[in-house]
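Engineer: My structure is in input.txt, and what it holds is compact mmCIF, C-alpha atoms:
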```txt
# COMPACT_ATOMS: atom_id res chain seq x y z
CA MET X 287 63.05 25.82 -11.58
CA GLN X 288 60.32 25.10 -9.06
CA GLN X 289 60.02 21.62 -10.52
CA ILE X 290 63.72 20.92 -10.08
CA VAL X 291 63.56 22.00 -6.44
CA ASN X 292 60.49 19.85 -5.91
CA PHE X 293 62.21 16.91 -7.54
CA ILE X 294 65.27 17.31 -5.31
CA LEU X 295 63.13 17.65 -2.18
CA LYS X 296 61.04 14.64 -3.10
CA TYR X 297 63.97 12.37 -3.77
CA LYS X 298 66.52 13.89 -1.38
CA TYR X 299 67.17 10.60 0.48
CA PHE X 300 67.71 8.73 -2.71
CA LEU X 301 69.94 11.46 -4.19
CA PHE X 302 71.99 11.66 -0.99
CA PHE X 303 72.32 7.87 -0.99
CA LEU X 304 73.35 7.91 -4.66
CA LEU X 305 75.99 10.58 -4.06
CA LEU X 306 77.61 8.70 -1.17
CA GLU X 307 77.41 5.40 -3.04
CA ILE X 308 79.20 6.90 -6.04
CA ILE X 309 81.94 8.22 -3.74
CA ALA X 310 82.35 4.78 -2.14
CA ILE X 311 82.51 2.96 -5.47
CA SER X 312 85.00 5.44 -6.91
CA PHE X 313 87.27 4.78 -3.89
CA THR X 314 86.96 1.08 -4.62
CA ILE X 315 87.88 1.47 -8.27
CA GLN X 316 90.79 3.70 -7.32
CA ASN X 317 91.96 0.99 -4.93
CA HIS X 318 91.83 -1.64 -7.68
CA SER X 319 94.14 0.23 -10.00
CA TYR X 320 97.85 0.21 -9.45
CA HIS X 321 98.87 3.72 -10.32
CA ASN X 322 96.46 5.87 -8.34
CA SER X 323 97.55 5.85 -4.75
CA ALA X 324 94.49 5.06 -2.72
CA PHE X 325 92.71 7.71 -0.70
CA SER X 326 91.74 5.33 2.09
CA ASN X 327 94.90 3.52 3.10
CA SER X 328 96.12 2.35 6.47
CA ALA X 329 99.42 4.28 6.26
CA ASN X 330 98.24 7.02 8.57
CA PHE X 331 98.96 7.93 12.14
CA LEU X 332 95.66 6.65 13.57
CA SER X 333 95.21 3.27 11.92
CA GLY X 334 98.97 2.64 11.82
CA GLY X 335 99.14 3.29 15.55
CA ILE X 336 96.24 0.95 16.32
CA HIS X 337 97.60 -1.83 14.10
CA LYS X 338 100.99 -1.44 15.80
CA ARG X 339 99.41 -1.85 19.24
CA VAL X 340 97.44 -4.93 18.18
CA ASN X 341 100.57 -6.40 16.61
CA ARG X 342 102.41 -6.19 19.94
CA PHE X 343 100.15 -9.01 21.12
CA LYS X 344 99.98 -10.92 17.87
CA GLU X 345 103.72 -11.19 17.33
CA TYR X 346 104.17 -13.32 20.47
CA ALA X 347 102.47 -16.23 18.74
CA HIS X 348 105.20 -16.33 16.06
CA LEU X 349 108.30 -15.41 18.08
CA ARG X 350 109.75 -18.92 17.92
CA GLU X 351 109.39 -19.19 14.12
CA HIS X 352 110.81 -15.71 13.58
CA ASN X 353 113.79 -16.48 15.83
CA ASP X 354 114.49 -19.69 13.94
CA GLN X 355 114.28 -17.89 10.63
CA LEU X 356 116.67 -15.14 11.74
CA LEU X 357 119.13 -17.69 13.20
CA LYS X 358 119.18 -19.63 9.94
CA GLU X 359 119.77 -16.46 7.99
CA ASN X 360 122.60 -15.47 10.34
CA ALA X 361 124.25 -18.86 9.90
CA GLN X 362 123.96 -18.55 6.14
CA LEU X 363 125.52 -15.08 6.13
CA LYS X 364 128.31 -16.19 8.49
CA ASN X 365 129.11 -19.08 6.19
CA ILE X 366 129.45 -16.65 3.30
CA LEU X 367 131.72 -14.42 5.39
CA GLY X 368 133.83 -17.46 6.30
CA LEU X 369 134.65 -18.22 2.69
CA GLU X 370 138.26 -17.12 2.31
CA LEU X 371 140.90 -17.85 -0.25
CA LYS X 372 142.95 -20.88 0.82
CA ASN X 373 146.34 -19.50 -0.12
CA ASN X 374 145.78 -16.21 1.60
CA ASP X 375 149.13 -16.14 3.48
CA SER X 376 149.34 -12.43 3.86
CA ALA X 377 146.64 -12.26 6.50
CA SER X 378 148.77 -9.99 8.64
CA ALA X 379 149.12 -7.50 5.84
CA HIS X 380 145.39 -7.18 5.44
CA VAL X 381 144.47 -4.20 3.35
CA ILE X 382 140.89 -3.07 2.82
CA ASP X 383 140.65 -1.89 -0.72
CA THR X 384 137.46 0.18 -0.87
CA THR X 385 137.51 0.29 -4.66
CA LYS X 386 136.68 -3.42 -4.60
CA TYR X 387 133.33 -2.71 -2.95
CA PHE X 388 130.34 -1.70 -4.93
CA GLN X 389 127.06 -1.29 -3.11
CA LYS X 390 123.99 -1.12 -5.27
CA TYR X 391 121.23 -1.90 -2.79
CA SER X 392 120.75 -0.84 0.81
CA TYR X 393 118.62 -2.73 3.30
CA ARG X 394 116.49 -1.43 6.16
CA THR X 395 114.56 -3.51 8.68
CA ALA X 396 110.87 -3.18 9.52
CA LYS X 397 108.09 -5.16 11.16
CA VAL X 398 104.83 -6.12 9.51
CA ILE X 399 102.06 -4.84 11.75
CA GLU X 400 99.06 -5.72 9.59
CA ASN X 401 99.04 -8.59 7.14
CA GLN X 402 96.27 -9.38 4.65
CA TYR X 403 96.09 -12.54 2.61
CA GLN X 404 92.34 -13.26 2.54
CA LYS X 405 91.30 -10.79 -0.16
CA LYS X 406 91.92 -10.32 -3.82
CA PHE X 407 93.79 -7.04 -3.46
CA ASN X 408 95.95 -7.52 -0.40
CA TYR X 409 98.11 -4.96 1.37
CA LEU X 410 100.47 -5.15 4.32
CA THR X 411 101.28 -2.34 6.72
CA ILE X 412 104.79 -1.92 8.15
CA ASP X 413 105.94 0.17 11.07
CA LYS X 414 108.49 2.33 9.19
CA GLY X 415 107.76 5.36 7.06
CA GLU X 416 109.11 8.47 5.43
CA ARG X 417 111.17 9.58 8.43
CA HIS X 418 112.97 6.20 8.39
CA GLY X 419 113.92 6.76 4.76
CA ILE X 420 111.20 4.70 3.08
CA ALA X 421 109.90 5.86 -0.31
CA PRO X 422 107.23 4.44 -2.63
CA GLU X 423 108.24 1.59 -4.97
CA MET X 424 110.85 -0.06 -2.80
CA GLY X 425 111.09 -3.84 -2.54
CA VAL X 426 110.04 -5.72 0.60
CA ALA X 427 111.43 -9.20 1.30
CA ASN X 428 112.61 -11.48 4.08
CA SER X 429 115.19 -14.26 4.08
CA LYS X 430 112.67 -16.76 2.65
CA GLY X 431 111.53 -14.66 -0.28
CA ILE X 432 109.86 -11.60 -1.72
CA ILE X 433 106.79 -10.08 -0.05
CA GLY X 434 105.77 -6.93 -1.92
CA ILE X 435 106.40 -3.37 -3.02
CA THR X 436 105.85 -0.22 -0.91
CA THR X 437 103.01 2.05 -2.11
CA ASN X 438 101.55 4.67 0.24
CA ILE X 439 103.76 6.24 2.87
CA SER X 440 103.10 8.47 5.86
CA SER X 441 105.72 9.78 8.25
CA GLY X 442 105.76 6.66 10.41
CA TYR X 443 103.98 3.91 8.45
CA THR X 444 103.93 2.39 4.98
CA THR X 445 101.47 0.20 3.11
CA VAL X 446 102.97 -2.57 1.02
CA LEU X 447 101.32 -3.95 -2.11
CA SER X 448 101.52 -7.66 -1.36
CA ILE X 449 102.53 -10.15 -4.06
CA LEU X 450 99.06 -11.53 -3.24
CA ASN X 451 97.46 -8.68 -5.20
CA GLU X 452 96.17 -8.78 -8.76
CA ASN X 453 98.15 -5.64 -9.57
CA ALA X 454 101.48 -7.10 -8.48
CA LYS X 455 103.56 -8.33 -11.40
CA ILE X 456 107.11 -9.28 -10.55
CA ASN X 457 109.90 -10.29 -12.89
CA VAL X 458 111.34 -13.67 -11.89
CA LYS X 459 113.68 -16.18 -13.49
CA LEU X 460 114.60 -19.83 -13.16
CA SER X 461 117.66 -20.33 -11.00
CA LYS X 462 118.97 -23.08 -13.33
CA SER X 463 118.78 -21.08 -16.56
CA PHE X 464 118.27 -17.53 -17.78
CA HIS X 465 114.60 -17.80 -18.73
CA PHE X 466 112.45 -14.98 -17.37
CA GLY X 467 108.77 -14.95 -16.49
CA THR X 468 106.20 -12.83 -14.67
CA LEU X 469 104.89 -13.76 -11.24
CA GLU X 470 101.16 -13.10 -10.74
CA TRP X 471 98.37 -14.24 -8.44
CA ASN X 472 94.93 -15.53 -9.39
CA GLY X 473 93.36 -14.76 -5.98
CA GLU X 474 92.81 -18.33 -4.81
CA ASP X 475 95.37 -20.04 -2.58
CA TYR X 476 97.62 -17.63 -0.70
CA ASN X 477 100.66 -19.90 -0.86
CA ILE X 478 100.38 -20.71 -4.58
CA LEU X 479 101.19 -18.07 -7.21
CA GLN X 480 101.20 -18.29 -11.01
CA LEU X 481 104.02 -17.79 -13.47
CA SER X 482 103.32 -16.51 -16.97
CA ASP X 483 105.25 -15.47 -20.09
CA LEU X 484 107.77 -18.29 -19.66
CA PRO X 485 108.98 -19.60 -23.05
CA ILE X 486 108.56 -23.33 -23.76
CA GLN X 487 112.32 -23.63 -24.28
CA ALA X 488 112.82 -23.24 -20.53
CA ASN X 489 111.99 -26.96 -20.19
CA ILE X 490 110.88 -26.77 -16.57
CA GLN X 491 110.48 -29.61 -14.11
CA ILE X 492 108.43 -29.82 -10.92
CA GLY X 493 110.63 -28.67 -8.06
CA ASP X 494 112.65 -26.10 -10.04
CA THR X 495 113.55 -23.03 -8.01
CA LEU X 496 112.61 -19.48 -8.98
CA ILE X 497 114.51 -16.34 -7.96
CA THR X 498 113.94 -12.66 -8.69
CA GLY X 499 115.18 -11.65 -12.11
CA GLY X 500 116.88 -8.35 -11.43
CA LYS X 501 115.42 -6.80 -14.56
CA SER X 502 113.51 -4.21 -12.54
CA VAL X 503 115.00 -1.49 -10.38
CA ILE X 504 113.01 -2.66 -7.34
CA PHE X 505 114.39 -6.09 -6.45
CA PRO X 506 118.02 -7.19 -6.72
CA GLU X 507 118.70 -10.42 -8.57
CA GLY X 508 118.65 -13.69 -6.68
CA ILE X 509 116.08 -13.27 -3.90
CA PRO X 510 114.35 -16.65 -3.49
CA VAL X 511 110.70 -16.87 -4.53
CA GLY X 512 109.49 -20.48 -4.56
CA THR X 513 109.45 -23.78 -6.39
CA ILE X 514 107.35 -25.01 -9.30
CA SER X 515 104.65 -27.25 -7.86
CA ASN X 516 102.55 -27.97 -10.92
CA PHE X 517 102.41 -27.05 -14.63
CA LYS X 518 100.43 -27.78 -17.77
CA VAL X 519 101.48 -27.67 -21.41
CA GLU X 520 98.89 -26.67 -24.01
CA ASN X 521 99.52 -26.02 -27.73
CA ASN X 522 103.26 -26.28 -27.20
CA ASP X 523 103.17 -23.52 -24.60
CA TYR X 524 102.92 -23.38 -20.84
CA SER X 525 99.29 -22.63 -19.95
CA THR X 526 99.49 -22.59 -16.15
CA ILE X 527 102.52 -22.87 -13.92
CA ASP X 528 101.86 -22.97 -10.16
CA ILE X 529 104.56 -21.70 -7.84
CA LYS X 530 104.70 -22.76 -4.21
CA LEU X 531 106.20 -19.93 -2.19
CA PHE X 532 109.01 -20.51 0.33
CA ASN X 533 107.29 -17.95 2.58
CA ASP X 534 104.13 -18.64 4.53
CA MET X 535 102.26 -15.46 3.57
CA SER X 536 99.92 -15.78 6.57
CA ALA X 537 102.76 -15.41 9.08
CA ILE X 538 105.15 -12.62 8.15
CA GLY X 539 107.15 -10.92 10.86
CA PRO X 540 110.39 -8.97 10.39
CA VAL X 541 111.12 -7.85 6.83
CA TYR X 542 113.79 -5.97 4.86
CA ILE X 543 113.05 -2.88 2.81
CA ILE X 544 115.36 -2.86 -0.20
CA SER X 545 116.21 0.42 -1.87
CA ASN X 546 118.17 0.67 -5.06
CA ILE X 547 120.79 3.39 -4.70
CA ASP X 548 121.03 3.88 -8.47
CA LYS X 549 117.25 3.90 -8.99
CA LYS X 550 117.02 7.61 -9.79
CA GLU X 551 119.90 7.44 -12.22
CA ILE X 552 118.46 4.41 -14.03
CA GLU X 553 114.99 5.95 -14.25
CA GLN X 554 116.34 9.27 -15.53
CA LEU X 555 118.32 7.44 -18.14
CA GLN X 556 115.31 5.39 -19.24
CA GLU X 557 113.14 8.49 -19.38
CA SER X 558 115.58 10.46 -21.48
CA THR X 559 115.95 7.50 -23.84
CA THR X 560 112.21 7.19 -24.44
CA ASN X 561 111.84 10.94 -24.89
CA GLU X 562 114.26 11.09 -27.74
CA MET M 74 68.74 13.27 24.45
CA ASN M 75 72.32 14.37 25.09
CA ASN M 76 73.03 11.10 26.81
CA ASN M 77 71.66 9.27 23.80
CA ILE M 78 74.05 11.01 21.37
CA LEU M 79 77.03 10.26 23.60
CA GLN M 80 75.94 6.63 23.83
CA ASN M 81 75.73 6.39 20.04
CA ILE M 82 79.20 7.90 19.59
CA ILE M 83 80.70 5.41 22.06
CA PHE M 84 78.87 2.57 20.31
CA PHE M 85 80.15 3.80 16.90
CA VAL M 86 83.81 4.05 17.97
CA GLY M 87 83.58 0.85 20.03
CA LEU M 88 82.29 -1.16 17.07
CA ILE M 89 85.08 0.14 14.78
CA LEU M 90 87.76 -0.75 17.33
CA LEU M 91 86.25 -4.19 17.98
CA GLN M 92 86.07 -4.87 14.25
CA VAL M 93 89.61 -3.82 13.31
CA THR M 94 91.46 -5.10 16.38
CA ILE M 95 89.77 -8.44 17.00
CA LEU M 96 87.20 -9.50 14.41
CA ASN M 97 89.35 -8.76 11.35
CA ASN M 98 91.95 -11.14 12.80
CA VAL M 99 89.57 -14.06 13.41
CA ASP M 100 90.26 -15.63 9.98
CA LEU M 101 88.04 -18.67 10.46
CA PHE M 102 88.89 -21.43 7.92
CA GLY M 103 91.78 -19.21 6.84
CA TYR M 104 89.86 -16.21 5.55
CA ILE M 105 86.38 -15.73 7.02
CA ASP M 106 85.93 -12.61 9.18
CA PRO M 107 82.54 -11.71 10.69
CA TYR M 108 81.29 -8.16 10.07
CA LEU M 109 79.74 -7.48 13.46
CA TYR M 110 79.89 -3.71 12.90
CA ILE M 111 76.62 -3.83 10.93
CA LEU M 112 75.01 -4.08 14.40
CA PHE M 113 75.11 -0.28 14.26
CA VAL M 114 72.90 -0.25 11.16
CA ILE M 115 70.54 -2.80 12.72
CA ILE M 116 69.84 -1.08 16.03
CA TYR M 117 70.41 2.62 15.23
CA PRO M 118 67.09 4.23 16.22
CA PHE M 119 64.56 4.75 13.42
CA ARG M 120 63.79 8.42 12.80
CA LYS M 121 61.74 10.29 10.25
CA ASP M 122 64.84 12.10 8.97
CA ARG M 123 67.01 9.45 7.34
CA ILE M 124 69.91 11.66 6.20
CA PRO M 125 71.95 11.23 9.45
CA VAL M 126 71.62 7.42 9.33
CA LEU M 127 72.91 7.30 5.77
CA PHE M 128 75.79 9.64 6.62
CA PHE M 129 76.86 7.81 9.80
CA CYS M 130 76.70 4.41 8.11
CA PHE M 131 78.83 5.69 5.22
CA LEU M 132 81.34 7.05 7.74
CA LEU M 133 81.34 3.74 9.64
CA GLY M 134 82.05 1.74 6.49
CA LEU M 135 84.73 4.15 5.34
CA SER M 136 86.50 3.92 8.71
CA ILE M 137 86.61 0.13 8.42
CA ASP M 138 87.94 0.55 4.84
CA ILE M 139 90.75 2.83 5.97
CA PHE M 140 91.90 0.23 8.49
CA SER M 141 91.74 -2.68 6.09
CA ASN M 142 92.97 -1.00 2.84
CA SER M 143 89.86 -2.00 0.94
CA GLY M 144 89.08 1.24 -0.91
CA GLY M 145 85.36 1.87 -0.43
CA THR M 146 83.82 -1.62 -0.41
CA ASN M 147 82.67 -1.57 3.22
CA ALA M 148 81.36 2.00 2.85
CA ALA M 149 79.30 1.11 -0.24
CA ALA M 150 77.84 -2.02 1.38
CA THR M 151 77.02 -0.40 4.73
CA LEU M 152 75.44 2.60 3.03
CA PHE M 153 73.29 0.31 0.91
CA ILE M 154 71.93 -1.69 3.83
CA ALA M 155 71.28 1.58 5.71
CA PHE M 156 69.22 2.72 2.73
CA ILE M 157 67.15 -0.48 2.43
CA ARG M 158 66.63 -1.16 6.15
CA LEU M 159 63.40 0.85 6.57
CA PRO M 160 61.57 -0.48 3.46
CA LEU M 161 62.77 -3.97 4.37
CA LEU M 162 61.44 -3.69 7.91
CA LYS M 163 58.06 -2.50 6.62
CA VAL M 164 57.86 -5.54 4.35
CA ILE M 165 58.86 -7.97 7.11
CA LEU M 166 56.48 -6.53 9.70
CA ARG M 167 53.73 -6.08 7.08
CA LYS M 168 53.15 -2.48 8.12
CA SER M 169 52.81 0.52 5.85
CA GLU M 170 53.84 3.02 8.53
CA ILE M 171 56.07 2.70 11.57
CA ASP M 172 55.50 4.76 14.71
CA PHE M 173 59.06 6.06 15.12
CA VAL M 174 58.63 7.23 18.73
CA VAL M 175 57.70 3.94 20.37
CA PHE M 176 59.22 1.53 17.85
CA ASN M 177 62.00 -0.68 19.18
CA ILE M 178 63.59 -3.32 17.00
CA THR M 179 64.54 -5.55 19.94
CA LYS M 180 60.89 -5.83 21.08
CA GLN M 181 59.80 -7.57 17.86
CA PRO M 182 59.16 -11.33 17.50
CA PHE M 183 62.36 -13.35 17.22
CA LEU M 184 61.74 -14.76 13.75
CA LYS M 185 61.11 -11.29 12.30
CA ILE M 186 64.34 -9.99 13.83
CA LEU M 187 66.19 -13.02 12.48
CA SER M 188 64.98 -12.50 8.91
CA TYR M 189 65.67 -8.75 9.12
CA VAL M 190 69.25 -9.36 10.34
CA SER M 191 69.85 -12.21 7.88
CA ILE M 192 68.78 -10.26 4.80
CA LEU M 193 70.85 -7.23 5.82
CA ALA M 194 73.94 -9.33 6.64
CA PHE M 195 73.71 -11.33 3.41
CA THR M 196 73.24 -8.21 1.24
CA HIS M 197 76.14 -6.51 3.02
CA SER M 198 78.59 -9.40 2.48
CA PHE M 199 77.41 -9.89 -1.09
CA ILE M 200 78.10 -6.24 -2.00
CA ILE M 201 81.51 -6.33 -0.30
CA PHE M 202 82.70 -9.43 -2.15
CA SER M 203 81.16 -8.39 -5.48
CA LEU M 204 82.98 -5.06 -5.37
CA GLU M 205 86.19 -6.73 -4.23
CA TYR M 206 86.28 -9.37 -6.97
CA PHE M 207 84.51 -7.20 -9.57
CA LYS M 208 84.38 -9.98 -12.14
CA PHE M 209 81.42 -12.08 -13.21
CA SER M 210 83.61 -15.14 -13.71
CA ASP M 211 84.39 -15.16 -9.98
CA ILE M 212 80.69 -15.51 -9.06
CA ASP M 213 81.20 -18.91 -7.38
CA THR M 214 83.93 -17.56 -5.09
CA ILE M 215 81.79 -14.48 -4.33
CA LEU M 216 78.74 -16.58 -3.37
CA TYR M 217 80.77 -19.07 -1.35
CA ARG M 218 82.49 -16.37 0.68
CA THR M 219 79.25 -14.38 1.05
CA LEU M 220 77.43 -17.41 2.43
CA LEU M 221 80.11 -18.34 4.98
CA THR M 222 80.71 -14.75 6.09
CA SER M 223 77.04 -13.88 6.42
CA ILE M 224 76.23 -17.01 8.46
CA PHE M 225 79.06 -16.17 10.82
CA THR M 226 77.93 -12.53 10.99
CA ILE M 227 74.26 -13.43 11.63
CA VAL M 228 75.12 -15.77 14.52
CA LEU M 229 77.37 -13.17 16.17
CA THR M 230 74.86 -10.34 15.62
CA ILE M 231 71.94 -12.31 17.13
CA PHE M 232 74.07 -13.20 20.16
CA SER M 233 75.08 -9.56 20.60
CA LEU M 234 71.44 -8.45 20.30
CA ILE M 235 70.41 -10.92 23.03
CA LEU M 236 73.27 -9.71 25.25
CA LEU M 237 72.41 -6.03 24.68
CA THR M 238 68.70 -6.43 25.42
CA ARG M 239 69.17 -8.56 28.51
CA LYS M 240 71.22 -5.83 30.19
CA LYS M 241 68.33 -3.37 30.09
```
Could you write out this structure as structure tokens?
Structural biologist:
Amino acid sequence: MQQIVNFILKYKYFLFFLLLEIIAISFTIQNHSYHNSAFSNSANFLSGGIHKRVNRFKEYAHLREHNDQLLKENAQLKNILGLELKNNDSASAHVIDTTKYFQKYSYRTAKVIENQYQKKFNYLTIDKGERHGIAPEMGVANSKGIIGITTNISSGYTTVLSILNENAKINVKLSKSFHFGTLEWNGEDYNILQLSDLPIQANIQIGDTLITGGKSVIFPEGIPVGTISNFKVENNDYSTIDIKLFNDMSAIGPVYIISNIDKKEIEQLQESTTNE
Amino acid sequence: MNNNILQNIIFFVGLILLQVTILNNVDLFGYIDPYLYILFVIIYPFRKDRIPVLFFCFLLGLSIDIFSNSGGTNAAATLFIAFIRLPLLKVILRKSEIDFVVFNITKQPFLKILSYVSILAFTHSFIIFSLEYFKFSDIDTILYRTLLTSIFTIVLTIFSLILLTRKK
């Protein structure tokens, strides 16, 4: 017993150092895995508040771009609204038939207050949280494309797992055909992502557009992602396909949080099916 | 003594705020941020009892991690350089014992300070990027980013040391 006490006293600095180092490394490993929500995340009152204050200055630099982007999106949406049937004579007898509407996704707005794109496991922080109706595993996108998936939430802030994160795997498809693939990132260029699991029958060309596949409950179908910038064929299979994003991931401002209204129902159904 | 503790607390909080509000947004060449906050590890007074140093440096790193969503990489790296700083200093100054009462890091010859700061900054960046990438196949990226980041950090740290000592 005396020897153990002596040992501890002799090496107390080293043991203390070892203990703290193990704690730090376990936080790191936890942060690298997708399913454990990280202990140290910026979705808290203090760091969220400071990032929000800093962002008040930073957003001025991009106001012009963000305005342009929102104007373009408005014009696009107005054009869709303007599409009316040509032989619609009975405009005066306009009846709103609510049974014709079917809303599956609802959109909320938020601002990115902290944006990472320099690391291998990148996260964004947005200025909306639980009290604005945000929950984990909701999609985040803007008019130019997808951005990420919400992970940790506090009452006023949320961290978003960026698509520039090794753990992010998003189901996408070619807009010209119905071939699906998985969007991943190799950690190198923040505007170039990689597409995998695409069958050779897809017969892709450089410049083909990718959109979200709608196979998951997170993103609706048809959100733009990017274009194919480069690909290689090896052993009659696609080895690497590079995707150039429409978004500039280093300058993200206002975003939409997409929640699937039927998510709970779909997940319950899937769970009960696998349990049987 | 009381004044000294207060000064250290202000220095601690000030460095965290400087790091997360300004330096983490520098993004030189797209992704290089200097880690000036290791200045705390470099000039925190040397004492016989090393437990507080280890604890404060761990806390400093963890605070930076919370702001930048990086798990525990900064905490692990800062703790490690806090652990090796005394043995390293003994090797650089070629002394077996250091008189803790009168010792002042800023009064040492410039080249010795430079090598002390450089080794600490390089080790710190290397641990951060190794833990972040966590793959041996990414060793070229790790070394490249470590080199750029540590050079940037060393230059800033030396400038800050000169500024801090001139004031006194």
Engineer: Please return, as a PyMOL selection string, all residues of chain X lying within 8 Å of chain M when only C-alpha atoms are considered.
Structural biologist: chain X and resi 299+302-303+306-307+309-318+324-328+333+336-337+340+403-409
Engineer: Compile the contact shell of Arg120 (chain M) as a ChimeraX atom specification: residues with an atom at most 10 Å away, counting only C-alpha atoms, same-chain residues fewer than 3 positions apart removed.
Structural biologist: /M:117,123-126,159,171-174,176
Engineer: With C-alpha atoms retained, write the just-selected residues as a PDB file, in the coordinates of the input.
Structural biologist:
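Printed below is part_18.pdb as written:
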```pdb
ATOM      1  CA  TYR M 117      70.410   2.620  15.230  1.00  0.00           C
ATOM      2  CA  ARG M 123      67.010   9.450   7.340  1.00  0.00           C
ATOM      3  CA  ILE M 124      69.910  11.660   6.200  1.00  0.00           C
ATOM      4  CA  PRO M 125      71.950  11.230   9.450  1.00  0.00           C
ATOM      5  CA  VAL M 126      71.620   7.420   9.330  1.00  0.00           C
ATOM      6  CA  LEU M 159      63.400   0.850   6.570  1.00  0.00           C
ATOM      7  CA  ILE M 171      56.070   2.700  11.570  1.00  0.00           C
ATOM      8  CA  ASP M 172      55.500   4.760  14.710  1.00  0.00           C
ATOM      9  CA  PHE M 173      59.060   6.060  15.120  1.00  0.00           C
ATOM     10  CA  VAL M 174      58.630   7.230  18.730  1.00  0.00           C
ATOM     11  CA  PHE M 176      59.220   1.530  17.850  1.00  0.00           C
TER      12      PHE M 176
END
```
Engineer: Could you work out an axis-aligned box for region 438-457 of chain X, taking every atom the file lists and adding 5 Å on each side, and report centre and edge lengths in Å to one decimal, as JSON?
Structural biologist:
```
{"center_x": 103.0, "center_y": -0.9, "center_z": -1.2, "size_x": 23.7, "size_y": 31.3, "size_z": 33.3}
```
Engineer: List the spatial neighbours of region 226-232 of chain M as number ranges by chain - criterion: any atom at most 9 Å away, all atoms listed in the file, same-chain residues fewer than 6 positions off excluded.
Structural biologist: M: 106-112, 186-187, 190-191, 194-195
Engineer: Have a look at CA of Ser545 (chain X) and CA of Leu469 (chain X) and let me know their distance in Å, one decimal.
Structural biologist: 20.4 Å
Engineer: Find the residues around region 425-433 of chain X up to 7 Å (all atoms listed in the file counted), leave out those fewer than 3 positions away in its own chain, and share them as JSON, numbers by chain.
Structural biologist: {"X": [359, 436, 448, 449, 504, 505, 509, 510, 511, 532, 533, 541, 542, 543, 544, 545]}
Engineer: What's around Arg158 (chain M) at 9 Å? Count all atoms listed in the file, leave out sequence neighbours fewer than 5 positions away in its own chain, and write the answer as number ranges by chain.
Structural biologist: M: 114-115, 153, 163, 189, 193
Engineer: What does the file look like for those residues with C-alpha atoms, as a PDB file, keeping the file's coordinate frame?
Structural biologist:
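So out-v5.pdb came out as:
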```pdb
ATOM      1  CA  VAL M 114      72.900  -0.250  11.160  1.00  0.00           C
ATOM      2  CA  ILE M 115      70.540  -2.800  12.720  1.00  0.00           C
ATOM      3  CA  PHE M 153      73.290   0.310   0.910  1.00  0.00           C
ATOM      4  CA  LYS M 163      58.060  -2.500   6.620  1.00  0.00           C
ATOM      5  CA  TYR M 189      65.670  -8.750   9.120  1.00  0.00           C
ATOM      6  CA  LEU M 193      70.850  -7.230   5.820  1.00  0.00           C
TER       7      LEU M 193
END
```
Engineer: Residues at most 6 Å from Thr468 (chain X), counting all atoms listed in the file, excluding those fewer than 3 positions away in the same chain, as a list in words?
Structural biologist: Ile456, Asn457, Val458, Leu481 and Ser482 of chain X
Engineer: Rank M:Pro182, M:Phe84, M:Leu234, M:Arg218 by their smallest atom-to-atom distance to Leu133 (chain M), using all atoms listed in the file, and report the top residue only.
Structural biologist: M:Phe84
Engineer: Grab the CA of Tyr393 (chain X) to CA of Asn546 (chain X) distance for me, in Å with one decimal place.
Structural biologist: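 CA of Asn546 (chain X) lies 9.0 Å from CA of Tyr393 (chain X).
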Engineer: Any idea what the distance is between CA of Ile529 (chain X) and CA of Ile478 (chain X)?
Structural biologist: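 Separating CA of Ile529 (chain X) from CA of Ile478 (chain X) is a distance of 5.4 Å.
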Engineer: Taking only C-alpha atoms into account, name the residue in M:Ile235, M:Leu161, M:Cys130, M:Gln181 that is nearest to Leu88 (chain M).
Structural biologist: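 Ranking M:Ile235, M:Leu161, M:Cys130, M:Gln181 by distance to Leu88 (chain M), first place goes to M:Cys130.
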Engineer: Working from the structure I just supplied, which lacks atoms in region 120-125 of chain M, can you model N, CA, C and O atoms there and output them as a PDB file, in the coordinates of the input?
Structural biologist:
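The new file rebuild_17.pdb reads:
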```
ATOM      1  N   ARG M 120      64.295   7.047  12.725  1.00  0.00           N
ATOM      2  CA  ARG M 120      63.790   8.420  12.800  1.00  0.00           C
ATOM      3  C   ARG M 120      63.155   8.768  11.459  1.00  0.00           C
ATOM      4  O   ARG M 120      63.400   8.113  10.445  1.00  0.00           O
ATOM      5  N   LYS M 121      62.382   9.870  11.495  1.00  0.00           N
ATOM      6  CA  LYS M 121      61.740  10.290  10.250  1.00  0.00           C
ATOM      7  C   LYS M 121      62.795  10.819   9.268  1.00  0.00           C
ATOM      8  O   LYS M 121      62.763  10.521   8.085  1.00  0.00           O
ATOM      9  N   ASP M 122      63.779  11.554   9.810  1.00  0.00           N
ATOM     10  CA  ASP M 122      64.840  12.100   8.970  1.00  0.00           C
ATOM     11  C   ASP M 122      65.910  11.020   8.794  1.00  0.00           C
ATOM     12  O   ASP M 122      66.563  10.612   9.759  1.00  0.00           O
ATOM     13  N   ARG M 123      66.094  10.571   7.546  1.00  0.00           N
ATOM     14  CA  ARG M 123      67.010   9.450   7.340  1.00  0.00           C
ATOM     15  C   ARG M 123      68.405   9.889   6.882  1.00  0.00           C
ATOM     16  O   ARG M 123      69.290   9.053   6.745  1.00  0.00           O
ATOM     17  N   ILE M 124      68.591  11.187   6.662  1.00  0.00           N
ATOM     18  CA  ILE M 124      69.910  11.660   6.200  1.00  0.00           C
ATOM     19  C   ILE M 124      71.029  11.303   7.193  1.00  0.00           C
ATOM     20  O   ILE M 124      72.068  10.762   6.781  1.00  0.00           O
ATOM     21  N   PRO M 125      70.852  11.565   8.523  1.00  0.00           N
ATOM     22  CA  PRO M 125      71.950  11.230   9.450  1.00  0.00           C
ATOM     23  C   PRO M 125      72.315   9.753   9.430  1.00  0.00           C
ATOM     24  O   PRO M 125      73.504   9.409   9.457  1.00  0.00           O
TER      25      PRO M 125
END
```
